[in-house]
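Asks: Sharing a structure, written as structure tokens. Questions coming.
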Amino acid sequence: MAEAELRRPEPATTAGPPSEAELAEGGLRLEVDGAVATVTLARPERRNAMTFATWRMLAAIGRTLPPEVRVVVLRGDGPSFSAGIDLSMFSGGEGGFPFEADDETGDRFIADLQEGYTWLRNPEIVTVAAVHGHAIGGGFQLALACDIRIAAEDAKFCMKEPALGLVPDLTGTKPLVEIVGVNRAVELCLTARTVDAAEAARLGLVERVVPTGGLDAGVEALTAELLAVNAEAAVATKRLLFAAPLNTLDEQCAAERREQLVRLRALAAAFRG
Ligand code: CAA
């Protein structure tokens, strides 16, 4: 990913953070506690199925996150992380997909939804998906958009889109291929099979597995570990790690030197007082 893509997006408007009512319309809750923001998918009666409003609201959260936030946790209320897109989005009518739109309008429509996911790669934050129950389609892609996936033993992942005649289009194909390789990604997507937490861990799709019921404690422990690391070094290191697959060795070595010189000078200045 190019460095420019990884900067915190400029607010599209001067509007402040979304109100509770706006968040609720997107089926979301947001709690900001110092350096930790928790975004909760909050439609358990629909297994946290997500609407276009959900993704637009996620984008708005990304645009208006307070600068002191270092860790963003995404979690789901009820029995599942997320059942993916709310299938009513395909039934037409107001708020549904604009099937009649021309190419440019349709492209812009989907790009706006993808913005709900892209900010999660921002180097100024570490993003954690806390997955339990099902993570299907857009829900799986949301987990893939995060830096770290922590899963309960009951977690199940499924890229259901091809089975529904669709492609995964919420930024998920790139991280999926980067994690499991193109052949495994083809096998997973084109069978639309379900991967349990144990297999997800073997494939590198989740970084940590915790007992069912132990997700909140697992997230708390992980968050504490992340916050214990120097904040500026964390930002610079995430920037480096995301640039690594796109750089040649020479380019990456140069990037390491640039980042390290900034760090060394900052540490020396702090040492001198
Ligand atoms: N959209 C709308 N409503 C949904 C939903 C969805 N994606 N998933 C579940 N619900 C609703 C159900 O209709 C049901 O509603 P009622 O109580 O009114 O009947 C309620 O949520 C509970 O669902 P279940 O009784 O099915 O709950 P379960 O725990 O037995 O099963 C589940 C959970 C495995 C997630 C199952 O509900 C399911 O398979 N849901 C559909 C998943 C799906 O196909 N998602 C689309 C993926 S593709 C995608 O996401 C595309 C994209 O981004 C581009």
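Ordering of the structure tokens sets the chain letters (A, B, ...), residue numbers begin anew at 1 in every chain, and ligands are numbered from 1 in the order given.
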Stretch 214-216 of chain A: which residues within 9 Å, counting only C-alpha atoms, same-chain residues fewer than 2 positions away excluded, as a PyMOL selection string?
Replies: chain A and resi 130-132+150-152+209-212+218-221
Asks: Taking the backbone alone, and naming residues the way the document does, which bits of stretch 7-231 of chain A are strand (DSSP E) by DSSP, as a PDB file with C-alpha atoms, in the first residue's frame?
Replies:
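Output (selection-v2.pdb):
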ATOM      1  CA  LEU A  28     -23.093   0.796  15.671  1.00  0.00           C
ATOM      2  CA  ARG A  29     -21.935   2.028  19.055  1.00  0.00           C
ATOM      3  CA  LEU A  30     -18.703   3.878  19.722  1.00  0.00           C
ATOM      4  CA  GLU A  31     -16.962   4.168  23.062  1.00  0.00           C
ATOM      5  CA  VAL A  32     -13.780   6.172  23.377  1.00  0.00           C
ATOM      6  CA  ASP A  33     -11.843   5.664  26.591  1.00  0.00           C
ATOM      7  CA  VAL A  36      -8.811   2.995  23.187  1.00  0.00           C
ATOM      8  CA  ALA A  37     -11.837   3.270  20.921  1.00  0.00           C
ATOM      9  CA  THR A  38     -14.292   0.382  20.820  1.00  0.00           C
ATOM     10  CA  VAL A  39     -16.611   0.100  17.835  1.00  0.00           C
ATOM     11  CA  THR A  40     -19.437  -2.335  18.470  1.00  0.00           C
ATOM     12  CA  LEU A  41     -21.614  -3.858  15.769  1.00  0.00           C
ATOM     13  CA  VAL A  71      -6.029   1.209  19.582  1.00  0.00           C
ATOM     14  CA  VAL A  72      -9.373   0.593  17.880  1.00  0.00           C
ATOM     15  CA  VAL A  73     -11.261  -2.581  18.776  1.00  0.00           C
ATOM     16  CA  LEU A  74     -14.097  -3.862  16.575  1.00  0.00           C
ATOM     17  CA  ARG A  75     -16.483  -6.284  18.231  1.00  0.00           C
ATOM     18  CA  GLY A  76     -20.010  -7.596  17.872  1.00  0.00           C
ATOM     19  CA  VAL A 126      -3.609  -0.405  15.750  1.00  0.00           C
ATOM     20  CA  THR A 127      -6.879  -2.091  14.860  1.00  0.00           C
ATOM     21  CA  VAL A 128      -8.113  -5.268  16.521  1.00  0.00           C
ATOM     22  CA  ALA A 129     -11.018  -7.405  15.340  1.00  0.00           C
ATOM     23  CA  ALA A 130     -12.489  -9.388  18.232  1.00  0.00           C
ATOM     24  CA  VAL A 131     -14.345 -12.194  16.479  1.00  0.00           C
ATOM     25  CA  HIS A 134     -19.869 -15.998  12.579  1.00  0.00           C
ATOM     26  CA  ALA A 135     -17.807 -13.572  10.480  1.00  0.00           C
ATOM     27  CA  ILE A 136     -19.390 -13.876   7.051  1.00  0.00           C
ATOM     28  CA  ILE A 148      -4.812  -8.122  14.474  1.00  0.00           C
ATOM     29  CA  ARG A 149      -7.607 -10.677  14.693  1.00  0.00           C
ATOM     30  CA  ILE A 150      -8.299 -12.223  18.054  1.00  0.00           C
ATOM     31  CA  ALA A 151     -10.873 -14.994  17.851  1.00  0.00           C
ATOM     32  CA  ALA A 152     -12.899 -16.977  20.338  1.00  0.00           C
ATOM     33  CA  LYS A 156     -16.258 -19.207  12.059  1.00  0.00           C
ATOM     34  CA  PHE A 157     -15.116 -17.363   8.946  1.00  0.00           C
ATOM     35  CA  CYS A 158     -16.751 -17.607   5.534  1.00  0.00           C
ATOM     36  CA  THR A 194     -16.479 -22.090   6.600  1.00  0.00           C
ATOM     37  CA  VAL A 195     -13.160 -21.975   8.440  1.00  0.00           C
ATOM     38  CA  ASP A 196     -13.221 -22.554  12.197  1.00  0.00           C
ATOM     39  CA  ARG A 208      -4.708 -15.174  18.775  1.00  0.00           C
ATOM     40  CA  VAL A 209      -7.368 -17.699  19.789  1.00  0.00           C
ATOM     41  CA  VAL A 210      -8.964 -17.517  23.221  1.00  0.00           C
TER      42      VAL A 210
END
Asks: Which residues are near ligand 1 in this structure, taking near to mean any atom at most 9 Å from a ligand atom and counting only C-alpha atoms and all ligand atoms? Format them as a PyMOL selection string.
Replies: chain A and resi 43-51+79-89+133-141+158-164+166-170
Asks: If you measure from atom CA of A:Ala15 to atom CA of A:Ala35, what distance in Å do you get, rounded to one decimal?
Replies: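 Spanning atom CA of A:Ala15 to atom CA of A:Ala35 is a straight-line distance of 21.5 Å.
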Asks: With only C-alpha atoms as the counted atoms, please give the residues lying no more than 9 Å from A:Gly34, apart from itself and same-chain residues fewer than 3 positions off, as a PyMOL selection string.
Replies: chain A and resi 37+68-70
Asks: Could you name the residues that touch A:Arg202 at 10 Å or less, counting only C-alpha atoms, but leaving out those on the same chain fewer than 5 positions away, as a JSON list (two decimals) with N, CA and C atoms, in the first residue's frame?
Replies:
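Now in part-v8.json:
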[["chain", "number", "residue", "atom", "x", "y", "z"],
["A", 180, "VAL", "N", -2.92, -15.74, 3.15],
["A", 180, "VAL", "CA", -2.97, -17.19, 2.89],
["A", 180, "VAL", "C", -2.38, -17.59, 1.54],
["A", 197, "ALA", "N", -12.05, -21.55, 14.05],
["A", 197, "ALA", "CA", -10.97, -20.75, 14.67],
["A", 197, "ALA", "C", -9.64, -21.49, 14.63],
["A", 207, "GLU", "N", -4.55, -14.05, 14.75],
["A", 207, "GLU", "CA", -3.27, -14.01, 15.44],
["A", 207, "GLU", "C", -3.36, -14.66, 16.82]]
Asks: With distances taken over only C-alpha atoms, which residue among A:Gly106, A:Glu199, A:Pro66, A:Phe97 lies nearest A:Pro17?
Replies: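 Selected residue with least distance to A:Pro17: A:Pro66.
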Asks: What's around A:Glu256 at 10 Å? Count only C-alpha atoms, leave out sequence neighbours fewer than 6 positions away in its own chain, and write the answer as an NGL selection string.
Replies: :A and (236-237 or 239-241 or 244 or 250)
Asks: Could you dump the residues just selected with C-alpha atoms as an mmCIF file, in the first residue's frame?
Replies:
data_model
loop_
_atom_site.group_PDB
_atom_site.id
_atom_site.type_symbol
_atom_site.label_atom_id
_atom_site.label_comp_id
_atom_site.auth_asym_id
_atom_site.auth_seq_id
_atom_site.Cartn_x
_atom_site.Cartn_y
_atom_site.Cartn_z
ATOM 1 C CA ALA A 236 6.593 4.285 12.543
ATOM 2 C CA THR A 237 6.858 0.498 12.763
ATOM 3 C CA ARG A 239 4.160 2.293 8.538
ATOM 4 C CA LEU A 240 7.335 0.306 7.799
ATOM 5 C CA LEU A 241 5.640 -3.081 7.992
ATOM 6 C CA ALA A 244 7.564 -3.776 3.249
ATOM 7 C CA ASP A 250 16.987 -1.428 -0.962
#
Asks: Taking only stretch 93-129 of chain A into account, list the residues labelled alpha helix (DSSP H) by DSSP (computed from the backbone), as a PyMOL selection string.
Replies: chain A and resi 103-118
Asks: One number please: atom CA of A:Ala21 to atom CA of A:Asp107, in Å, one decimal.
Replies: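 Computed distance, atom CA of A:Ala21 to atom CA of A:Asp107, equals 28.1 Å.
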Asks: Could you name the residues that touch A:Glu259 at 12 Å or less, counting only C-alpha atoms, but leaving out those on the same chain fewer than 3 positions away, as a PyMOL selection string?
Replies: chain A and resi 232-241+252-256+262-266
Asks: For the residues selected in the previous step, produce a file with N, CA and C atoms as a short mmCIF file (atom, residue, chain, number, x, y, z; two decimals), in the first residue's frame.
Replies:
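After the write, out36.cif holds the following:
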data_model
loop_
_atom_site.label_atom_id
_atom_site.label_comp_id
_atom_site.auth_asym_id
_atom_site.auth_seq_id
_atom_site.Cartn_x
_atom_site.Cartn_y
_atom_site.Cartn_z
N GLU A 232 5.07 6.57 19.39
CA GLU A 232 5.64 7.02 18.11
C GLU A 232 6.33 5.86 17.39
N ALA A 233 7.00 5.01 18.17
CA ALA A 233 7.67 3.85 17.54
C ALA A 233 6.63 2.91 16.94
N ALA A 234 5.48 2.80 17.59
CA ALA A 234 4.43 1.92 17.06
C ALA A 234 3.94 2.44 15.71
N VAL A 235 3.72 3.74 15.61
CA VAL A 235 3.25 4.34 14.35
C VAL A 235 4.27 4.11 13.24
N ALA A 236 5.53 4.41 13.56
CA ALA A 236 6.59 4.29 12.54
C ALA A 236 6.76 2.83 12.13
N THR A 237 6.65 1.91 13.08
CA THR A 237 6.86 0.50 12.76
C THR A 237 5.71 -0.02 11.91
N LYS A 238 4.47 0.36 12.23
CA LYS A 238 3.35 -0.10 11.39
C LYS A 238 3.53 0.44 9.97
N ARG A 239 3.95 1.71 9.87
CA ARG A 239 4.16 2.29 8.54
C ARG A 239 5.19 1.46 7.76
N LEU A 240 6.28 1.11 8.45
CA LEU A 240 7.34 0.31 7.80
C LEU A 240 6.82 -1.06 7.38
N LEU A 241 6.10 -1.71 8.27
CA LEU A 241 5.64 -3.08 7.99
C LEU A 241 4.66 -3.10 6.82
N GLN A 252 13.31 -0.67 1.20
CA GLN A 252 12.87 -0.93 2.58
C GLN A 252 13.99 -0.58 3.56
N CYS A 253 15.24 -0.92 3.19
CA CYS A 253 16.38 -0.56 4.05
C CYS A 253 16.43 0.96 4.21
N ALA A 254 16.21 1.69 3.10
CA ALA A 254 16.23 3.15 3.16
C ALA A 254 15.10 3.66 4.06
N ALA A 255 13.95 3.04 3.94
CA ALA A 255 12.81 3.46 4.77
C ALA A 255 13.11 3.21 6.25
N GLU A 256 13.73 2.08 6.55
CA GLU A 256 14.11 1.78 7.95
C GLU A 256 15.06 2.86 8.47
N VAL A 262 14.71 9.43 12.74
CA VAL A 262 13.72 10.24 13.44
C VAL A 262 13.59 9.75 14.88
N ARG A 263 13.54 8.41 15.04
CA ARG A 263 13.38 7.84 16.37
C ARG A 263 14.59 8.16 17.26
N LEU A 264 15.80 7.96 16.69
CA LEU A 264 17.01 8.17 17.48
C LEU A 264 17.11 9.62 17.94
N ARG A 265 16.76 10.53 17.02
CA ARG A 265 16.83 11.96 17.40
C ARG A 265 15.81 12.28 18.48
N ALA A 266 14.63 11.70 18.36
CA ALA A 266 13.59 11.94 19.37
C ALA A 266 14.01 11.38 20.73
#
